[in-house]
$ cat final.txt   # compact mmCIF, C-alpha atoms
# COMPACT_ATOMS: atom_id res chain seq x y z
CA MET A 1066 0.00 0.00 0.00
CA LYS A 1067 1.41 3.39 -1.01
CA ILE A 1068 0.20 6.24 1.18
CA ARG A 1069 0.58 9.94 0.56
CA TYR A 1070 -0.54 12.49 3.11
CA ALA A 1071 -0.66 16.16 4.03
CA ALA A 1072 -1.91 18.00 7.08
CA LYS A 1073 -2.52 21.51 8.32
CA THR A 1074 -3.76 23.02 11.56
CA ASP A 1075 -4.79 26.65 12.01
CA VAL A 1076 -5.94 28.77 14.94
CA GLY A 1077 -8.89 30.14 12.96
CA MET A 1078 -10.27 33.68 13.04
CA LYS A 1079 -11.72 33.92 16.55
CA ARG A 1080 -9.57 31.92 18.97
CA GLY A 1081 -6.44 33.14 20.75
CA HIS A 1082 -4.58 29.83 20.63
CA ASN A 1083 -4.78 26.46 18.91
CA GLU A 1084 -6.08 23.51 20.96
CA ASP A 1085 -6.10 21.12 17.98
CA TYR A 1086 -3.25 18.68 17.50
CA PHE A 1087 -2.35 16.16 14.82
CA SER A 1088 0.23 13.42 14.77
CA LEU A 1089 1.31 10.47 12.66
CA MET A 1090 3.51 7.39 12.94
CA GLU A 1091 4.80 6.53 9.49
CA ASP A 1092 6.15 3.12 10.49
CA GLU A 1093 2.73 2.11 11.86
CA GLN A 1094 0.72 4.04 9.23
CA LEU A 1095 -1.23 5.57 12.12
CA PHE A 1096 -2.78 9.04 11.84
CA ILE A 1097 -4.32 11.05 14.71
CA VAL A 1098 -6.32 14.26 15.06
CA ALA A 1099 -7.40 15.60 18.46
CA ASP A 1100 -9.44 18.68 19.39
CA GLY A 1101 -8.82 19.78 22.97
CA MET A 1102 -11.07 21.62 25.37
CA GLY A 1103 -10.63 23.25 28.77
CA GLY A 1104 -9.73 26.61 30.29
CA HIS A 1105 -6.32 28.27 30.56
CA ALA A 1106 -4.93 26.53 27.44
CA SER A 1107 -5.33 23.09 29.04
CA GLY A 1108 -7.17 21.92 25.91
CA GLU A 1109 -3.95 22.01 23.95
CA VAL A 1110 -2.31 19.98 26.73
CA ALA A 1111 -5.04 17.33 26.47
CA SER A 1112 -4.95 17.02 22.68
CA LYS A 1113 -1.17 16.67 22.62
CA MET A 1114 -1.27 14.24 25.55
CA ALA A 1115 -3.78 12.06 23.68
CA ALA A 1116 -1.65 11.81 20.55
CA GLU A 1117 1.53 11.18 22.53
CA ALA A 1118 -0.06 8.51 24.72
CA ILE A 1119 -1.37 6.59 21.71
CA SER A 1120 1.96 6.88 19.87
CA GLU A 1121 3.90 5.81 22.95
CA PHE A 1122 1.63 2.78 23.40
CA TYR A 1123 2.23 1.76 19.78
CA GLN A 1124 5.99 2.09 20.21
CA ARG A 1125 5.93 -0.03 23.35
CA THR A 1126 3.70 -2.74 21.89
CA LYS A 1127 5.75 -3.38 18.77
CA ASP A 1128 6.91 -6.32 20.83
CA GLU A 1129 3.81 -8.53 20.88
CA GLU A 1130 4.89 -9.88 24.27
CA ALA A 1131 4.48 -6.42 25.87
CA THR A 1132 1.91 -6.12 28.65
CA TRP A 1133 -1.21 -4.11 27.85
CA PRO A 1134 -3.04 -1.98 30.44
CA TYR A 1135 -6.45 -3.31 29.37
CA LYS A 1136 -7.80 -6.76 28.60
CA MET A 1137 -8.54 -7.66 25.02
CA ASP A 1138 -12.13 -7.57 23.80
CA ARG A 1139 -12.81 -10.99 22.28
CA GLN A 1140 -15.21 -9.42 19.78
CA LEU A 1141 -12.34 -7.45 18.24
CA ASN A 1142 -9.26 -8.68 16.40
CA TYR A 1143 -5.70 -7.91 17.49
CA THR A 1144 -5.38 -4.76 15.37
CA GLU A 1145 -8.70 -3.35 16.62
CA ASN A 1146 -7.85 -4.17 20.24
CA ARG A 1147 -4.49 -2.45 19.96
CA LEU A 1148 -6.03 0.73 18.60
CA VAL A 1149 -8.83 0.80 21.18
CA CYS A 1150 -6.38 0.13 24.00
CA GLY A 1151 -4.19 3.05 22.92
CA VAL A 1152 -7.17 5.41 23.00
CA LYS A 1153 -8.33 4.09 26.39
CA LEU A 1154 -4.84 4.64 27.80
CA ALA A 1155 -4.86 8.22 26.51
CA ASN A 1156 -8.20 8.78 28.24
CA TYR A 1157 -6.87 7.42 31.53
CA ARG A 1158 -3.82 9.67 31.47
CA ILE A 1159 -5.80 12.80 30.65
CA PHE A 1160 -8.42 12.07 33.31
CA HIS A 1161 -5.80 11.61 36.02
CA ALA A 1162 -3.76 14.62 34.94
CA ALA A 1163 -6.93 16.73 35.18
CA ALA A 1164 -7.71 15.30 38.60
CA SER A 1165 -4.23 15.82 40.01
CA GLU A 1166 -3.47 19.39 38.88
CA ILE A 1167 -5.86 22.28 39.40
CA ARG A 1168 -4.65 24.06 36.24
CA PHE A 1169 -5.79 21.06 34.20
CA LYS A 1170 -9.18 20.66 35.86
CA GLY A 1171 -11.92 20.01 33.32
CA MET A 1172 -9.60 19.45 30.38
CA GLY A 1173 -10.45 16.90 27.74
CA THR A 1174 -10.17 16.21 24.05
CA THR A 1175 -11.82 14.48 21.16
CA VAL A 1176 -9.69 12.05 19.18
CA VAL A 1177 -10.00 10.35 15.83
CA THR A 1178 -7.47 7.81 14.59
CA THR A 1179 -6.97 6.10 11.26
CA LEU A 1180 -4.73 3.07 10.86
CA ILE A 1181 -3.82 1.56 7.50
CA GLN A 1182 -2.88 -2.10 7.64
CA GLY A 1183 -2.64 -4.16 4.50
CA ASP A 1184 -5.68 -3.39 2.36
CA HIS A 1185 -7.85 -2.33 5.33
CA VAL A 1186 -8.45 0.93 7.15
CA TYR A 1187 -9.27 0.96 10.86
CA VAL A 1188 -10.98 3.99 12.41
CA ALA A 1189 -11.35 4.57 16.15
CA HIS A 1190 -12.79 7.74 17.65
CA VAL A 1191 -14.24 9.50 20.67
CA GLY A 1192 -16.07 12.81 20.31
CA ASP A 1193 -17.02 14.81 17.22
CA SER A 1194 -13.80 14.95 15.24
CA ARG A 1195 -14.46 13.07 12.02
CA VAL A 1196 -13.13 10.76 9.34
CA TYR A 1197 -14.50 10.98 5.82
CA ARG A 1198 -13.78 8.55 3.00
CA LEU A 1199 -13.51 10.06 -0.47
CA ARG A 1200 -14.02 7.49 -3.20
CA GLY A 1201 -14.39 8.77 -6.75
CA ASP A 1202 -17.02 11.50 -6.74
CA GLN A 1203 -18.53 10.36 -3.44
CA MET A 1204 -17.70 11.28 0.15
CA GLU A 1205 -18.95 9.33 3.17
CA GLN A 1206 -18.64 10.19 6.85
CA LEU A 1207 -17.26 7.06 8.53
CA THR A 1208 -17.56 8.31 12.12
CA ARG A 1209 -20.66 9.23 14.07
CA ASP A 1210 -20.40 12.34 16.24
CA HIS A 1211 -20.78 11.72 19.95
CA SER A 1212 -22.98 14.79 20.44
CA LEU A 1213 -26.38 15.86 21.72
CA LEU A 1214 -27.43 16.61 18.17
CA GLU A 1215 -26.71 13.07 16.99
CA ASP A 1216 -28.48 11.62 20.02
CA TYR A 1217 -31.50 13.78 19.23
CA LYS A 1218 -31.43 12.72 15.56
CA ASN A 1219 -31.45 9.09 16.65
CA ALA A 1220 -34.50 9.76 18.80
CA LYS A 1221 -36.16 11.75 16.02
CA PRO A 1222 -35.04 10.30 12.67
CA ASP A 1223 -37.44 12.54 10.71
CA MET A 1224 -35.66 15.70 11.91
CA THR A 1225 -35.60 18.30 9.12
CA GLU A 1226 -32.51 20.19 7.91
CA GLU A 1227 -34.00 23.41 9.32
CA GLU A 1228 -34.52 21.79 12.73
CA GLU A 1229 -30.94 20.54 12.63
CA ARG A 1230 -29.59 24.00 11.76
CA ASN A 1231 -31.57 25.58 14.62
CA PHE A 1232 -30.78 22.91 17.20
CA PRO A 1233 -29.64 24.89 20.27
CA HIS A 1234 -26.90 22.58 21.57
CA LYS A 1235 -25.36 21.18 18.39
CA ASN A 1236 -21.78 21.71 19.61
CA VAL A 1237 -22.25 19.89 22.93
CA ILE A 1238 -20.41 16.58 22.86
CA THR A 1239 -21.44 13.60 24.96
CA ARG A 1240 -18.18 11.68 24.91
CA ALA A 1241 -14.55 12.83 25.10
CA LEU A 1242 -11.23 11.72 26.50
CA GLY A 1243 -10.79 12.90 30.09
CA MET A 1244 -14.47 13.10 31.02
CA ARG A 1245 -14.38 9.90 33.07
CA GLU A 1246 -11.79 7.35 34.14
CA THR A 1247 -13.02 4.93 31.48
CA VAL A 1248 -14.30 5.62 27.98
CA GLN A 1249 -16.16 3.77 25.25
CA VAL A 1250 -14.25 3.82 21.97
CA ASP A 1251 -16.08 3.33 18.67
CA ILE A 1252 -14.11 1.31 16.12
CA GLN A 1253 -14.75 0.06 12.61
CA SER A 1254 -12.82 -1.30 9.65
CA SER A 1255 -13.33 -1.55 5.92
CA LYS A 1256 -11.48 -2.62 2.81
CA ILE A 1257 -9.57 0.02 0.88
CA GLU A 1258 -10.06 0.48 -2.83
CA ASP A 1259 -7.31 1.89 -5.04
CA GLY A 1260 -7.38 5.70 -4.89
CA ASP A 1261 -9.39 5.96 -1.68
CA ALA A 1262 -8.66 9.10 0.33
CA PHE A 1263 -9.41 9.66 4.00
CA LEU A 1264 -9.89 13.05 5.62
CA LEU A 1265 -9.44 13.38 9.39
CA CYS A 1266 -10.64 16.72 10.71
CA SER A 1267 -11.73 18.66 13.77
CA ASP A 1268 -15.17 20.25 13.92
CA GLY A 1269 -13.56 23.58 13.09
CA LEU A 1270 -13.64 22.31 9.52
CA SER A 1271 -16.72 20.07 9.41
CA GLY A 1272 -18.79 22.59 11.36
CA MET A 1273 -17.97 25.44 8.99
CA VAL A 1274 -17.76 23.83 5.54
CA PRO A 1275 -20.63 21.68 4.17
CA ASP A 1276 -19.73 18.16 3.07
CA PRO A 1277 -20.32 18.82 -0.66
CA LYS A 1278 -17.96 21.81 -0.48
CA ILE A 1279 -15.31 19.71 1.31
CA LEU A 1280 -15.47 17.14 -1.49
CA GLU A 1281 -15.36 19.79 -4.21
CA THR A 1282 -12.40 21.52 -2.55
CA VAL A 1283 -10.35 18.34 -2.28
CA ARG A 1284 -11.12 17.14 -5.79
CA SER A 1285 -10.32 20.48 -7.40
CA ALA A 1286 -6.94 20.84 -5.65
CA LYS A 1287 -3.76 20.04 -7.59
CA ASP A 1288 -2.31 17.92 -4.77
CA LEU A 1289 -2.85 16.95 -1.13
CA GLU A 1290 -0.93 19.94 0.24
CA ALA A 1291 -3.04 22.32 -1.81
CA ALA A 1292 -6.18 20.48 -0.67
CA VAL A 1293 -5.56 20.87 3.08
CA ASN A 1294 -4.57 24.52 2.60
CA ALA A 1295 -7.77 25.15 0.64
CA LEU A 1296 -9.90 23.40 3.27
CA VAL A 1297 -8.49 25.60 6.03
CA ASP A 1298 -9.04 28.68 3.86
CA GLU A 1299 -12.67 27.67 3.26
CA ALA A 1300 -13.31 27.28 6.99
CA ASN A 1301 -11.76 30.67 7.70
CA ARG A 1302 -13.78 32.29 4.93
CA ALA A 1303 -16.92 30.86 6.54
CA GLY A 1304 -16.03 32.57 9.80
CA GLY A 1305 -13.27 30.45 11.30
CA VAL A 1306 -14.95 30.41 14.70
CA ASP A 1307 -12.88 27.45 15.93
CA ASN A 1308 -9.45 25.94 15.44
CA ILE A 1309 -9.21 24.04 12.16
CA THR A 1310 -7.31 20.83 11.43
CA ALA A 1311 -7.33 18.74 8.27
CA LEU A 1312 -5.24 15.62 7.68
CA LEU A 1313 -5.71 14.05 4.27
CA LEU A 1314 -4.26 10.73 3.16
CA GLU A 1315 -4.52 8.94 -0.16
CA CYS A 1316 -4.04 5.21 -0.66
CA HIS A 1317 -2.87 3.39 -3.78
CA ILE A 1318 -2.67 -0.38 -3.97
$ encode --input "final.txt" --output "structure tokens"
Amino acid sequence: MKIRYAAKTDVGMKRGHNEDYFSLMEDEQLFIVADGMGGHASGEVASKMAAEAISEFYQRTKDEEATWPYKMDRQLNYTENRLVCGVKLANYRIFHAAASEIRFKGMGTTVVTTLIQGDHVYVAHVGDSRVYRLRGDQMEQLTRDHSLLEDYKNAKPDMTEEEERNFPHKNVITRALGMRETVQVDIQSSKIEDGDAFLLCSDGLSGMVPDPKILETVRSAKDLEAAVNALVDEANRAGGVDNITALLLECHI
């Protein structure tokens, strides 16, 4: 599998500092985007801590005899368990850092991870940062936001677009790293087709730029670097009310 990638993070037009963070491990083909939250810049501590904890866990568990901090879920395969365990460890560290230092009280972060292994992609996430798959002229959101809006949509599947736009608490998330000592991690996998691209992003992009515009922007760009730059520009043109992060990878078999 040949993978090309590009990434960009930007403070946006309204915020004083950037609490988003992205990371990648080329040797593991693991890509991470986190969107931190919390007062006194502790959000940026949480997002960086999440990425570093997951990366450190992957480094340590290259030896398959290494001890894991959590038991394996028998419903998941080894690759899925490893990814979920890394995210759970990140949650544990953030929760205890927030509990032990007053300056970190209340900090947390979303996280979305994409792992390429063989001809499969594995996606694990907590919160409302997203992964999209771009295949030909179609784009599909692979993750489901852990938010009040999504919970409400599940309860009311006939919700109109106008009701969704006017929903009063659409930015309130129901799951994040650091909220509790344990966390539920959503994970899925699918087979990659030649030319598939995957976009990992914070809600500073997905909340400002409609999905059709995201697809159009990526497909009209000359290369991946131009695509992530254009996505950030689009979010800023729409108001840039939050930090913006876009990590785009393209797979060729």
$ closest_residue --input "final.txt" --among "A:Pro1134, A:Gly1192, A:Gly1077, A:Gly1151" --to "Ala1241 of chain A" --atoms "all atoms listed in the file"
A:Gly1192
$ residues_around --input "final.txt" --residues "Asp1210 of chain A" --least-positions-apart "2" --cutoff "8 Å" --atoms "all atoms listed in the file" --output "list of chain:residue names"
A:Gly1192, A:Asp1193, A:Ser1194, A:Arg1195, A:Thr1208, A:Ser1212, A:Glu1215, A:Ile1238
$ closest_residue --input "final.txt" --among "A:Glu1166, A:Leu1265, A:Glu1117, A:Ala1295" --to "Leu1207 of chain A" --atoms "all atoms listed in the file"
A:Leu1265
$ residues_around --input "final.txt" --residues "Leu1280 of chain A" --least-positions-apart "3" --cutoff "10 Å" --atoms "only C-alpha atoms" --output "JSON list (two decimals) with C-alpha atoms, in the frame of the given file"
[["chain", "number", "residue", "atom", "x", "y", "z"],
["A", 1197, "TYR", "CA", -14.50, 10.98, 5.82],
["A", 1198, "ARG", "CA", -13.78, 8.55, 3.00],
["A", 1199, "LEU", "CA", -13.51, 10.06, -0.47],
["A", 1200, "ARG", "CA", -14.02, 7.49, -3.20],
["A", 1201, "GLY", "CA", -14.39, 8.77, -6.75],
["A", 1202, "ASP", "CA", -17.02, 11.50, -6.74],
["A", 1203, "GLN", "CA", -18.53, 10.36, -3.44],
["A", 1204, "MET", "CA", -17.70, 11.28, 0.15],
["A", 1205, "GLU", "CA", -18.95, 9.33, 3.17],
["A", 1264, "LEU", "CA", -9.89, 13.05, 5.62],
["A", 1274, "VAL", "CA", -17.76, 23.83, 5.54],
["A", 1275, "PRO", "CA", -20.63, 21.68, 4.17],
["A", 1276, "ASP", "CA", -19.73, 18.16, 3.07],
["A", 1277, "PRO", "CA", -20.32, 18.82, -0.66],
["A", 1283, "VAL", "CA", -10.35, 18.34, -2.28],
["A", 1284, "ARG", "CA", -11.12, 17.14, -5.79],
["A", 1285, "SER", "CA", -10.32, 20.48, -7.40],
["A", 1292, "ALA", "CA", -6.18, 20.48, -0.67],
["A", 1296, "LEU", "CA", -9.90, 23.40, 3.27]]
$ atom_distance --input "final.txt" --atom1 "atom CA of Gly1103 of chain A" --atom2 "atom CA of Lys1170 of chain A"
7.7 Å
$ residues_around --input "final.txt" --residues "Lys1073 of chain A" --least-positions-apart "5" --cutoff "8 Å" --atoms "all atoms listed in the file" --output "list in words"
Val1293, Asn1294, Val1297, Thr1310, Ala1311 and Leu1312 of chain A
$ residues_around --input "final.txt" --residues "Lys1256 of chain A" --least-positions-apart "3" --cutoff "12 Å" --atoms "all atoms listed in the file" --output "list in words"
Leu1180, Ile1181, Gln1182, Gly1183, Asp1184, His1185, Val1186, Tyr1187, Val1188, Arg1198, Gln1253, Asp1259, Asp1261, Cys1316 and Ile1318 of chain A
$ write_last_selection --input "final.txt" --atoms "C-alpha atoms" --output "CSV table (one decimal), keeping the file's coordinate frame"
chain,number,residue,atom,x,y,z
A,1180,LEU,CA,-4.7,3.1,10.9
A,1181,ILE,CA,-3.8,1.6,7.5
A,1182,GLN,CA,-2.9,-2.1,7.6
A,1183,GLY,CA,-2.6,-4.2,4.5
A,1184,ASP,CA,-5.7,-3.4,2.4
A,1185,HIS,CA,-7.8,-2.3,5.3
A,1186,VAL,CA,-8.4,0.9,7.2
A,1187,TYR,CA,-9.3,1.0,10.9
A,1188,VAL,CA,-11.0,4.0,12.4
A,1198,ARG,CA,-13.8,8.6,3.0
A,1253,GLN,CA,-14.8,0.1,12.6
A,1259,ASP,CA,-7.3,1.9,-5.0
A,1261,ASP,CA,-9.4,6.0,-1.7
A,1316,CYS,CA,-4.0,5.2,-0.7
A,1318,ILE,CA,-2.7,-0.4,-4.0
$ atom_distance --input "final.txt" --atom1 "atom CA of Met1172 of chain A" --atom2 "atom CA of Gly1243 of chain A"
6.7 Å
$ atom_distance --input "final.txt" --atom1 "atom CA of Val1306 of chain A" --atom2 "atom CA of Val1110 of chain A"
20.3 Å
$ closest_residue --input "final.txt" --among "A:Asp1092, A:Glu1121, A:Glu1315, A:Asp1128" --to "Leu1289 of chain A" --atoms "all atoms listed in the file"
A:Glu1315
$ closest_residue --input "final.txt" --among "A:Tyr1157, A:Asn1083, A:Val1098, A:Arg1147" --to "Val1248 of chain A" --atoms "all atoms listed in the file"
A:Tyr1157
$ closest_atom_pairs --input "final.txt" --of "segment 1175-1285 of chain A" --to "segment 1085-1090 of chain A" --cutoff "10 Å" --atoms "all atoms listed in the file" --output "tab-separated table"
residue	atom	partner	partner_atom	distance
A:Thr1175	CA	A:Asp1085	CA	9.3
A:Val1176	CA	A:Tyr1086	CA	9.4
A:Val1177	CA	A:Phe1087	CA	9.7
A:Thr1178	CA	A:Leu1089	CA	9.4
A:Thr1179	CA	A:Leu1089	CA	9.5
A:Leu1180	CA	A:Met1090	CA	9.5
A:Leu1265	CA	A:Phe1087	CA	9.4
A:Cys1266	CA	A:Phe1087	CA	9.3
A:Ser1267	CA	A:Asp1085	CA	7.4
A:Asp1268	CA	A:Asp1085	CA	10.0
A:Gly1269	CA	A:Asp1085	CA	9.3
$ write_last_selection --input "final.txt" --atoms "C-alpha atoms" --output "PDB file, in the coordinates of the input"
ATOM      1  CA  THR A1175     -11.820  14.480  21.160  1.00  0.00           C
ATOM      2  CA  VAL A1176      -9.690  12.050  19.180  1.00  0.00           C
ATOM      3  CA  VAL A1177     -10.000  10.350  15.830  1.00  0.00           C
ATOM      4  CA  THR A1178      -7.470   7.810  14.590  1.00  0.00           C
ATOM      5  CA  THR A1179      -6.970   6.100  11.260  1.00  0.00           C
ATOM      6  CA  LEU A1180      -4.730   3.070  10.860  1.00  0.00           C
ATOM      7  CA  LEU A1265      -9.440  13.380   9.390  1.00  0.00           C
ATOM      8  CA  CYS A1266     -10.640  16.720  10.710  1.00  0.00           C
ATOM      9  CA  SER A1267     -11.730  18.660  13.770  1.00  0.00           C
ATOM     10  CA  ASP A1268     -15.170  20.250  13.920  1.00  0.00           C
ATOM     11  CA  GLY A1269     -13.560  23.580  13.090  1.00  0.00           C
TER      12      GLY A1269
END
$ closest_residue --input "final.txt" --among "A:Ser1165, A:Ser1255, A:Asn1301, A:Gln1249" --to "Ser1271 of chain A" --atoms "all atoms listed in the file"
A:Asn1301
